[in-house]
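S.K.: What follows is entry.txt; its format and atoms are compact mmCIF, C-alpha atoms.
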```
# COMPACT_ATOMS: atom_id res chain seq x y z
CA MET A 1 0.00 0.00 0.00
CA VAL A 2 1.05 3.57 -0.53
CA PRO A 3 2.10 4.93 2.86
CA ALA A 4 0.04 7.84 4.08
CA GLU A 5 2.05 11.01 4.49
CA SER A 6 -0.76 12.97 6.09
CA PRO A 7 -2.12 12.46 9.62
CA ARG A 8 -4.43 9.48 9.78
CA VAL A 9 -7.67 10.05 11.63
CA LEU A 10 -10.24 7.40 12.46
CA VAL A 11 -13.72 8.96 12.25
CA VAL A 12 -16.37 6.96 14.11
CA GLU A 13 -19.95 8.04 13.47
CA ASP A 14 -23.10 6.05 12.77
CA GLU A 15 -24.99 8.93 11.15
CA PHE A 16 -24.00 8.33 7.55
CA LEU A 17 -24.39 11.84 6.17
CA ILE A 18 -22.57 13.38 9.13
CA ARG A 19 -19.75 10.86 8.78
CA ILE A 20 -19.18 11.51 5.09
CA LEU A 21 -19.47 15.28 5.60
CA VAL A 22 -16.80 15.24 8.31
CA ALA A 23 -14.63 12.74 6.43
CA ASP A 24 -14.73 14.76 3.19
CA HIS A 25 -13.98 17.96 5.06
CA LEU A 26 -10.99 16.38 6.79
CA ARG A 27 -9.69 14.92 3.51
CA ASP A 28 -9.93 18.35 1.94
CA ALA A 29 -7.95 19.67 4.93
CA GLY A 30 -5.16 17.17 4.25
CA PHE A 31 -5.98 14.30 6.59
CA THR A 32 -6.09 10.66 5.60
CA VAL A 33 -9.43 9.44 6.93
CA ILE A 34 -10.58 5.97 7.88
CA GLU A 35 -14.32 5.79 8.36
CA ALA A 36 -16.00 3.51 10.89
CA PHE A 37 -19.74 3.07 11.23
CA ASN A 38 -19.55 2.30 14.95
CA ALA A 39 -17.17 1.57 17.81
CA ASP A 40 -17.09 -2.15 16.95
CA GLU A 41 -15.70 -1.33 13.50
CA ALA A 42 -13.24 1.11 15.02
CA ILE A 43 -11.93 -1.53 17.42
CA ALA A 44 -11.69 -4.00 14.53
CA ILE A 45 -9.51 -1.64 12.50
CA LEU A 46 -7.35 -0.77 15.52
CA THR A 47 -6.96 -4.44 16.43
CA ALA A 48 -5.87 -5.14 12.85
CA GLY A 49 -2.94 -2.80 13.43
CA VAL A 50 -3.86 0.01 11.06
CA ALA A 51 -1.74 3.07 11.80
CA ILE A 52 -3.90 5.79 13.35
CA ASP A 53 -2.73 9.15 14.64
CA LEU A 54 -6.06 10.40 15.99
CA VAL A 55 -9.53 9.13 16.82
CA PHE A 56 -12.64 11.28 16.48
CA THR A 57 -15.71 9.51 17.79
CA ASP A 58 -19.35 9.92 18.60
CA VAL A 59 -20.62 8.26 21.78
CA ARG A 60 -24.07 6.83 21.15
CA MET A 61 -23.90 4.34 18.31
CA PRO A 62 -25.42 0.95 17.54
CA GLY A 63 -23.26 -2.07 18.27
CA ALA A 64 -21.80 -3.97 21.19
CA VAL A 65 -19.87 -1.02 22.59
CA ASP A 66 -20.18 2.76 22.59
CA GLY A 67 -17.74 5.62 22.13
CA ILE A 68 -16.72 5.62 25.79
CA ALA A 69 -15.76 1.95 25.58
CA LEU A 70 -13.81 2.79 22.42
CA LEU A 71 -12.04 5.59 24.30
CA GLU A 72 -11.08 3.13 27.05
CA PHE A 73 -9.87 0.64 24.43
CA VAL A 74 -7.65 3.24 22.75
CA LYS A 75 -6.24 4.48 26.05
CA ARG A 76 -5.42 0.87 27.00
CA THR A 77 -3.91 -0.23 23.67
CA ARG A 78 -2.58 2.98 22.10
CA PRO A 79 -2.20 5.45 24.96
CA ASP A 80 -0.35 7.98 22.81
CA VAL A 81 -3.24 8.35 20.33
CA PRO A 82 -5.41 11.39 21.11
CA VAL A 83 -9.14 10.71 21.24
CA LEU A 84 -11.63 13.49 20.58
CA ILE A 85 -15.16 12.79 21.75
CA THR A 86 -18.28 14.40 20.33
CA SER A 87 -21.73 14.03 21.82
CA GLY A 88 -25.01 15.81 22.20
CA HIS A 89 -25.81 13.95 25.39
CA LEU A 90 -22.68 13.14 27.35
CA GLU A 91 -21.35 15.33 30.15
CA PRO A 92 -17.89 16.52 29.05
CA ALA A 93 -16.50 15.53 32.45
CA ARG A 94 -17.29 11.89 31.68
CA ALA A 95 -15.22 12.04 28.48
CA TYR A 96 -12.29 13.73 30.23
CA ALA A 97 -12.44 11.24 33.09
CA GLY A 98 -11.95 8.48 30.52
CA GLY A 99 -8.88 10.16 29.09
CA ALA A 100 -10.35 12.08 26.17
CA THR A 101 -8.08 14.75 24.74
CA LEU A 102 -11.00 17.03 23.92
CA PHE A 103 -14.77 17.05 24.06
CA LEU A 104 -16.75 18.72 21.28
CA PRO A 105 -20.50 19.24 21.59
CA ASN A 106 -22.53 17.61 18.82
CA PRO A 107 -23.50 18.94 16.30
CA CYS A 108 -20.15 20.52 15.63
CA ASP A 109 -18.89 22.64 12.75
CA PRO A 110 -16.45 20.71 10.51
CA ASP A 111 -13.98 23.61 10.62
CA MET A 112 -13.97 23.40 14.40
CA ILE A 113 -13.35 19.65 14.18
CA THR A 114 -10.42 20.25 11.83
CA ARG A 115 -8.90 22.85 14.14
CA ALA A 116 -9.41 20.62 17.17
CA LEU A 117 -7.73 17.66 15.48
CA ARG A 118 -4.76 19.76 14.40
CA SER A 119 -4.41 21.15 17.89
CA ALA A 120 -4.57 17.65 19.37
CA LEU A 121 -1.84 16.49 16.99
CA GLU A 122 0.41 19.39 17.92
CA THR A 123 0.11 18.66 21.61
CA ALA A 124 0.22 14.88 21.34
CA PRO A 125 3.12 13.15 23.13
CA MET B 126 -5.47 1.30 -25.21
CA SER B 127 -8.46 3.22 -24.06
CA ASP B 128 -9.31 6.56 -25.54
CA PRO B 129 -8.42 9.23 -22.95
CA THR B 130 -11.52 11.15 -23.95
CA ASP B 131 -13.54 8.21 -22.66
CA ALA B 132 -11.93 8.45 -19.24
CA PRO B 133 -14.26 9.62 -16.51
CA GLY B 134 -13.73 13.04 -15.02
CA ILE B 135 -11.96 13.59 -11.73
CA GLU B 136 -15.32 13.85 -9.99
CA GLU B 137 -16.49 10.37 -10.93
CA ALA B 138 -17.76 8.79 -7.73
CA VAL B 139 -17.78 5.17 -6.62
CA LEU B 140 -20.04 3.98 -3.82
CA VAL B 141 -18.33 1.11 -1.99
CA VAL B 142 -20.79 -0.99 0.04
CA ASP B 143 -19.20 -3.48 2.40
CA GLY B 144 -19.96 -4.46 5.99
CA ASP B 145 -16.35 -5.41 6.66
CA ILE B 146 -14.37 -2.31 7.54
CA ILE B 147 -11.04 -3.88 6.61
CA SER B 148 -11.92 -4.64 3.00
CA ARG B 149 -14.04 -1.48 2.65
CA HIS B 150 -11.19 0.70 3.91
CA ALA B 151 -8.55 -0.98 1.71
CA ILE B 152 -10.65 -0.91 -1.46
CA ALA B 153 -11.87 2.65 -0.88
CA ASP B 154 -8.29 3.80 -0.27
CA TYR B 155 -7.16 2.13 -3.51
CA LEU B 156 -9.95 3.74 -5.53
CA ARG B 157 -9.12 7.16 -4.03
CA HIS B 158 -5.51 6.69 -5.10
CA CYS B 159 -6.91 5.96 -8.57
CA GLY B 160 -8.50 9.40 -8.54
CA TYR B 161 -12.10 8.51 -7.78
CA ALA B 162 -14.27 10.25 -5.26
CA VAL B 163 -15.32 7.41 -2.97
CA VAL B 164 -18.33 7.17 -0.70
CA GLU B 165 -18.13 4.37 1.85
CA ALA B 166 -21.30 2.65 3.02
CA ALA B 167 -21.24 0.05 5.79
CA SER B 168 -24.64 -1.34 4.79
CA THR B 169 -27.24 -1.29 2.04
CA ASP B 170 -29.23 1.13 4.24
CA GLU B 171 -26.35 3.61 4.08
CA ALA B 172 -26.09 2.94 0.34
CA MET B 173 -29.72 3.89 -0.13
CA THR B 174 -29.12 7.10 1.83
CA ALA B 175 -26.16 7.87 -0.43
CA LEU B 176 -28.26 7.26 -3.55
CA ALA B 177 -30.93 9.63 -2.24
CA GLU B 178 -28.30 12.39 -1.97
CA ALA B 179 -28.04 13.75 -5.49
CA SER B 180 -25.10 15.93 -4.46
CA LEU B 181 -22.92 12.85 -4.01
CA GLY B 182 -23.22 12.12 -7.74
CA ILE B 183 -22.66 8.38 -7.52
CA ASP B 184 -21.62 6.90 -10.89
CA VAL B 185 -20.74 3.32 -9.98
CA ILE B 186 -21.66 1.03 -7.09
CA LEU B 187 -19.25 -1.67 -5.95
CA CYS B 188 -21.19 -3.84 -3.52
CA ASP B 189 -20.25 -6.94 -1.54
CA VAL B 190 -22.99 -9.54 -2.07
CA ALA B 191 -22.97 -10.21 1.68
CA ALA B 192 -23.52 -6.55 2.53
CA ILE B 193 -25.70 -6.15 5.59
CA GLY B 194 -28.84 -4.03 5.80
CA ALA B 195 -32.60 -4.11 5.43
CA GLN B 196 -32.14 -4.95 1.76
CA SER B 197 -29.82 -7.58 0.38
CA ALA B 198 -27.18 -6.61 -2.16
CA PHE B 199 -29.34 -8.21 -4.85
CA ASP B 200 -32.34 -6.14 -3.73
CA LEU B 201 -30.19 -3.04 -3.92
CA ALA B 202 -29.04 -3.95 -7.44
CA GLN B 203 -32.64 -4.59 -8.49
CA TRP B 204 -33.74 -1.26 -7.05
CA VAL B 205 -31.00 0.51 -8.97
CA ARG B 206 -31.94 -1.25 -12.22
CA ASN B 207 -35.56 -0.18 -11.75
CA ASN B 208 -34.97 3.34 -10.52
CA ARG B 209 -31.53 4.42 -11.78
CA PRO B 210 -31.09 2.55 -15.04
CA GLY B 211 -27.96 4.51 -15.99
CA LEU B 212 -26.15 3.67 -12.79
CA GLU B 213 -23.68 0.81 -12.98
CA VAL B 214 -23.73 -1.82 -10.21
CA ARG B 215 -20.86 -4.26 -9.74
CA LEU B 216 -21.63 -7.05 -7.27
CA ALA B 217 -18.65 -8.84 -5.77
CA GLY B 218 -19.04 -12.35 -4.36
CA ASN B 219 -15.85 -12.21 -2.34
CA VAL B 220 -13.03 -9.85 -1.51
CA ASP B 221 -10.80 -11.10 -4.35
CA ILE B 222 -13.49 -10.22 -6.86
CA ALA B 223 -14.08 -6.87 -5.17
CA VAL B 224 -10.38 -6.02 -5.46
CA ARG B 225 -10.25 -7.15 -9.10
CA THR B 226 -13.34 -5.07 -9.84
CA ALA B 227 -11.72 -2.05 -8.19
CA ALA B 228 -8.64 -2.68 -10.35
CA ASP B 229 -10.85 -2.76 -13.45
CA LEU B 230 -12.36 0.56 -12.42
CA CYS B 231 -8.85 1.95 -11.97
CA GLU B 232 -7.97 0.86 -15.51
CA THR B 233 -10.69 3.11 -16.88
CA GLY B 234 -10.50 5.65 -14.09
CA PRO B 235 -9.37 9.24 -13.86
CA HIS B 236 -5.69 8.28 -13.75
CA LEU B 237 -4.24 6.43 -16.69
CA ARG B 238 -2.36 3.89 -14.61
CA ARG B 239 -2.86 2.08 -11.35
CA PRO B 240 -1.27 3.69 -8.27
CA TYR B 241 -0.12 0.24 -7.16
CA GLU B 242 -0.90 -3.35 -8.06
CA PRO B 243 -4.21 -4.80 -6.86
CA GLN B 244 -2.26 -7.70 -5.36
CA ALA B 245 -0.90 -5.17 -2.85
CA VAL B 246 -4.48 -4.42 -1.81
CA MET B 247 -5.18 -8.15 -1.32
CA ASP B 248 -1.96 -8.58 0.66
CA TYR B 249 -2.85 -5.60 2.84
CA ILE B 250 -6.34 -7.01 3.54
CA LYS B 251 -4.88 -10.43 4.39
CA GLN B 252 -2.28 -8.84 6.66
CA LEU B 253 -4.93 -6.84 8.55
CA ARG B 254 -7.25 -9.82 8.88
CA ALA B 255 -4.43 -12.00 10.19
CA ALA B 256 -3.50 -9.36 12.74
CA ARG B 257 -7.11 -9.11 13.85
CA GLU B 258 -7.30 -12.91 14.19
CA ARG B 259 -4.15 -12.99 16.30
CA ALA B 260 -5.37 -10.26 18.67
```
Can you present the structure in this file as structure tokens?

M.R.:
Amino acid sequence: MVPAESPRVLVVEDEFLIRILVADHLRDAGFTVIEAFNADEAIAILTAGVAIDLVFTDVRMPGAVDGIALLEFVKRTRPDVPVLITSGHLEPARAYAGGATLFLPNPCDPDMITRALRSALETAP
Amino acid sequence: MSDPTDAPGIEEAVLVVDGDIISRHAIADYLRHCGYAVVEAASTDEAMTALAEASLGIDVILCDVAAIGAQSAFDLAQWVRNNRPGLEVRLAGNVDIAVRTAADLCETGPHLRRPYEPQAVMDYIKQLRAARERA
């Protein structure tokens, strides 16, 4: 495969049109994007060893686990990877308690997501 | 050799429908490197949503026959035949066929040569699946 030279972000969102809107916006901004329909898919791609620099995830999604469980999985298996959580329901404190790098209220402007991801990359260990 | 004037424009869009994120990601990535705009659908339900969005301008559908959703892949293909007769549907019975189909699309795609060999896509998928199995 051609190695990605741009930051690789895993976007996890079950709302199809939101996911492709965010993914397209991030691609236009220079990110390489891997799209996951839910946290189960995200864990599958992480378990397969795909290189990921950032995770951007919703919380409430269909499947066996939610975005908080995904956050815990990433912190356990790839502690250096920043995780940005977005939700319209979750208390931000819950995301930060789980180790989230940043919480963004949902819905969120794609430009704000792009800026937040860049900022998270710059401050990542 | 194909006539370059027959080559699709840079905006030609492929809708990849596959419930397996590993193969969907690898095939979508390959098609993007070929110059296509790619829309990824994890199910036939998402595919139907994509088809309802005229702004996405889907030109070709590459669908795994085992795609999950309220409709089967065959139902989706039938719906397209009945409602979007100009839209091409390629059904793939397994991942090898899906990769070969993607390679065929690359042959006629916006770029005049493949970015890398389709075997590299198959190897990548096998490598990721093996890693997932081991975990």

S.K.: Output, as JSON, the centre and edge lengths in Å (one decimal) of the axis-aligned box that contains all listed atoms of segment 86-98 of chain A with 5 Å of margin on each side.

M.R.:
```
{"center_x": -18.9, "center_y": 12.5, "center_z": 26.7, "size_x": 23.9, "size_y": 18.0, "size_z": 22.8}
```

S.K.: Pick out the closest residue to chain B from this set: A:Val33, A:Ala48, A:Leu102, A:Leu10. Count all atoms listed in the file.

M.R.: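 Among A:Val33, A:Ala48, A:Leu102, A:Leu10, it is A:Ala48 that comes nearest to chain B.
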
S.K.: Find the residues of chain B that sit at most 9 Å from chain A; for each, write down the nearest two atoms and how far apart they are in Å, to one decimal. Count only C-alpha atoms. Sort by chain, then by number going up, and give it as CSV.

M.R.:
```
residue,atom,partner,partner_atom,distance
B:Asp145,CA,A:Glu41,CA,8.0
B:Ile146,CA,A:Glu41,CA,6.2
B:Ile147,CA,A:Ile45,CA,6.5
B:His150,CA,A:Ile34,CA,6.6
B:Ala151,CA,A:Met1,CA,8.8
B:Asp154,CA,A:Ile34,CA,8.7
B:Tyr155,CA,A:Met1,CA,8.3
B:His158,CA,A:Val2,CA,8.6
B:Val164,CA,A:Ile20,CA,7.3
B:Glu165,CA,A:Glu35,CA,7.7
B:Ala166,CA,A:Phe16,CA,7.8
B:Ala167,CA,A:Phe37,CA,6.4
B:Glu171,CA,A:Phe16,CA,6.3
B:Thr174,CA,A:Phe16,CA,7.8
B:Ala175,CA,A:Leu17,CA,7.9
B:Pro240,CA,A:Val2,CA,8.1
B:Tyr241,CA,A:Met1,CA,7.2
B:Glu242,CA,A:Met1,CA,8.8
B:Ala245,CA,A:Met1,CA,6.0
B:Val246,CA,A:Met1,CA,6.5
B:Asp248,CA,A:Met1,CA,8.8
B:Tyr249,CA,A:Met1,CA,6.9
B:Gln252,CA,A:Ala48,CA,8.1
B:Leu253,CA,A:Ala48,CA,4.7
B:Arg254,CA,A:Ala48,CA,6.3
B:Ala255,CA,A:Ala48,CA,7.5
B:Ala256,CA,A:Ala48,CA,4.8
B:Arg257,CA,A:Ala48,CA,4.3
B:Glu258,CA,A:Ala48,CA,8.0
B:Arg259,CA,A:Ala48,CA,8.7
B:Ala260,CA,A:Thr47,CA,6.4
```

S.K.: With 10 Å as the threshold, what does the neighbourhood of (-23.6, -4.3, 0.6) contain in terms of residues, counting all atoms listed in the file? Coordinates are those of the file; answer as a short mmCIF file (atom, residue, chain, number, x, y, z; two decimals) with C-alpha atoms, in the frame of the given file.

M.R.:
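Just written: part05.cif:
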```cif
data_model
loop_
_atom_site.label_atom_id
_atom_site.label_comp_id
_atom_site.auth_asym_id
_atom_site.auth_seq_id
_atom_site.Cartn_x
_atom_site.Cartn_y
_atom_site.Cartn_z
CA VAL B 141 -18.33 1.11 -1.99
CA VAL B 142 -20.79 -0.99 0.04
CA ASP B 143 -19.20 -3.48 2.40
CA GLY B 144 -19.96 -4.46 5.99
CA ASP B 145 -16.35 -5.41 6.66
CA ALA B 166 -21.30 2.65 3.02
CA ALA B 167 -21.24 0.05 5.79
CA SER B 168 -24.64 -1.34 4.79
CA THR B 169 -27.24 -1.29 2.04
CA ASP B 170 -29.23 1.13 4.24
CA GLU B 171 -26.35 3.61 4.08
CA ALA B 172 -26.09 2.94 0.34
CA ILE B 186 -21.66 1.03 -7.09
CA LEU B 187 -19.25 -1.67 -5.95
CA CYS B 188 -21.19 -3.84 -3.52
CA ASP B 189 -20.25 -6.94 -1.54
CA VAL B 190 -22.99 -9.54 -2.07
CA ALA B 191 -22.97 -10.21 1.68
CA ALA B 192 -23.52 -6.55 2.53
CA ILE B 193 -25.70 -6.15 5.59
CA GLY B 194 -28.84 -4.03 5.80
CA GLN B 196 -32.14 -4.95 1.76
CA SER B 197 -29.82 -7.58 0.38
CA ALA B 198 -27.18 -6.61 -2.16
CA PHE B 199 -29.34 -8.21 -4.85
CA ASP B 200 -32.34 -6.14 -3.73
CA LEU B 201 -30.19 -3.04 -3.92
CA ALA B 202 -29.04 -3.95 -7.44
CA LEU B 216 -21.63 -7.05 -7.27
CA ALA B 217 -18.65 -8.84 -5.77
#
```

S.K.: Just want the 10 Å neighbourhood of Val185 of chain B, counted on only C-alpha atoms, with same-chain residues fewer than 5 positions away dropped. Output as a list in words.

M.R.: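 In the requested format, the answer is Glu137, Ala138, Val139, Leu140, Val141, Val163, Gly211, Leu212, Glu213, Val214, Arg215 and Leu230 of chain B.
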
S.K.: Could you work out how far atom CA of Leu121 of chain A lies from atom CA of Glu91 of chain A, giving the answer in Å with one decimal?

M.R.: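 If I compute the distance from atom CA of Glu91 of chain A to atom CA of Leu121 of chain A, I get 23.6 Å.
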
S.K.: Enter the distance from atom CA of Asp53 of chain A to atom CA of Asp111 of chain A, in Å, rounded to one decimal.

M.R.: 18.8 Å

S.K.: Residues within 12 Å of (-0.7, 6.4, 21.8), file coordinates, counting only C-alpha atoms: what are they? Give the list as a ChimeraX atom specification.

M.R.: /A:46,51-55,71,73-83,99,101,121,124-125

S.K.: For atom CA of Ile68 of chain A and atom CA of Ala29 of chain A, quote the distance in Å rounded to one decimal.

M.R.: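 Separation of atom CA of Ile68 of chain A and atom CA of Ala29 of chain A: 26.6 Å.
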
S.K.: Restricting the calculation to all atoms listed in the file, which member of A:Asp109, A:Ser6, A:Ala116, A:Ile85 is positioned closest to Gly30 of chain A?

M.R.: A:Ser6

S.K.: Can you rebuild segment 142-157 of chain B with N, CA and C atoms and give it as a compact mmCIF listing (two decimals), in the coordinates of the input?

M.R.:
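Result went into result_30.txt, see below:
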```txt
# COMPACT_ATOMS: atom_id res chain seq x y z
N VAL B 142 -19.88 -0.49 -0.99
CA VAL B 142 -20.79 -0.99 0.04
C VAL B 142 -20.22 -2.30 0.57
N ASP B 143 -19.81 -2.29 1.82
CA ASP B 143 -19.20 -3.48 2.40
C ASP B 143 -19.32 -3.39 3.92
N GLY B 144 -19.80 -4.44 4.54
CA GLY B 144 -19.96 -4.46 5.99
C GLY B 144 -18.68 -4.77 6.74
N ASP B 145 -17.63 -5.11 6.02
CA ASP B 145 -16.35 -5.41 6.66
C ASP B 145 -15.44 -4.20 6.50
N ILE B 146 -15.13 -3.55 7.61
CA ILE B 146 -14.37 -2.31 7.54
C ILE B 146 -12.99 -2.51 6.94
N ILE B 147 -12.40 -3.67 7.13
CA ILE B 147 -11.04 -3.88 6.61
C ILE B 147 -11.04 -3.86 5.08
N SER B 148 -11.90 -4.64 4.48
CA SER B 148 -11.92 -4.64 3.00
C SER B 148 -12.47 -3.33 2.46
N ARG B 149 -13.47 -2.76 3.13
CA ARG B 149 -14.04 -1.48 2.65
C ARG B 149 -12.97 -0.39 2.66
N HIS B 150 -12.24 -0.32 3.77
CA HIS B 150 -11.19 0.70 3.91
C HIS B 150 -10.11 0.51 2.84
N ALA B 151 -9.66 -0.73 2.66
CA ALA B 151 -8.55 -0.98 1.71
C ALA B 151 -8.98 -0.68 0.27
N ILE B 152 -10.17 -1.11 -0.09
CA ILE B 152 -10.65 -0.91 -1.46
C ILE B 152 -10.96 0.57 -1.71
N ALA B 153 -11.57 1.22 -0.73
CA ALA B 153 -11.87 2.65 -0.88
C ALA B 153 -10.58 3.46 -1.02
N ASP B 154 -9.58 3.11 -0.22
CA ASP B 154 -8.29 3.80 -0.27
C ASP B 154 -7.66 3.64 -1.66
N TYR B 155 -7.72 2.43 -2.17
CA TYR B 155 -7.16 2.13 -3.51
C TYR B 155 -7.86 2.97 -4.58
N LEU B 156 -9.19 2.98 -4.53
CA LEU B 156 -9.95 3.74 -5.53
C LEU B 156 -9.67 5.24 -5.42
N ARG B 157 -9.47 5.73 -4.19
CA ARG B 157 -9.12 7.16 -4.03
C ARG B 157 -7.76 7.44 -4.67
```
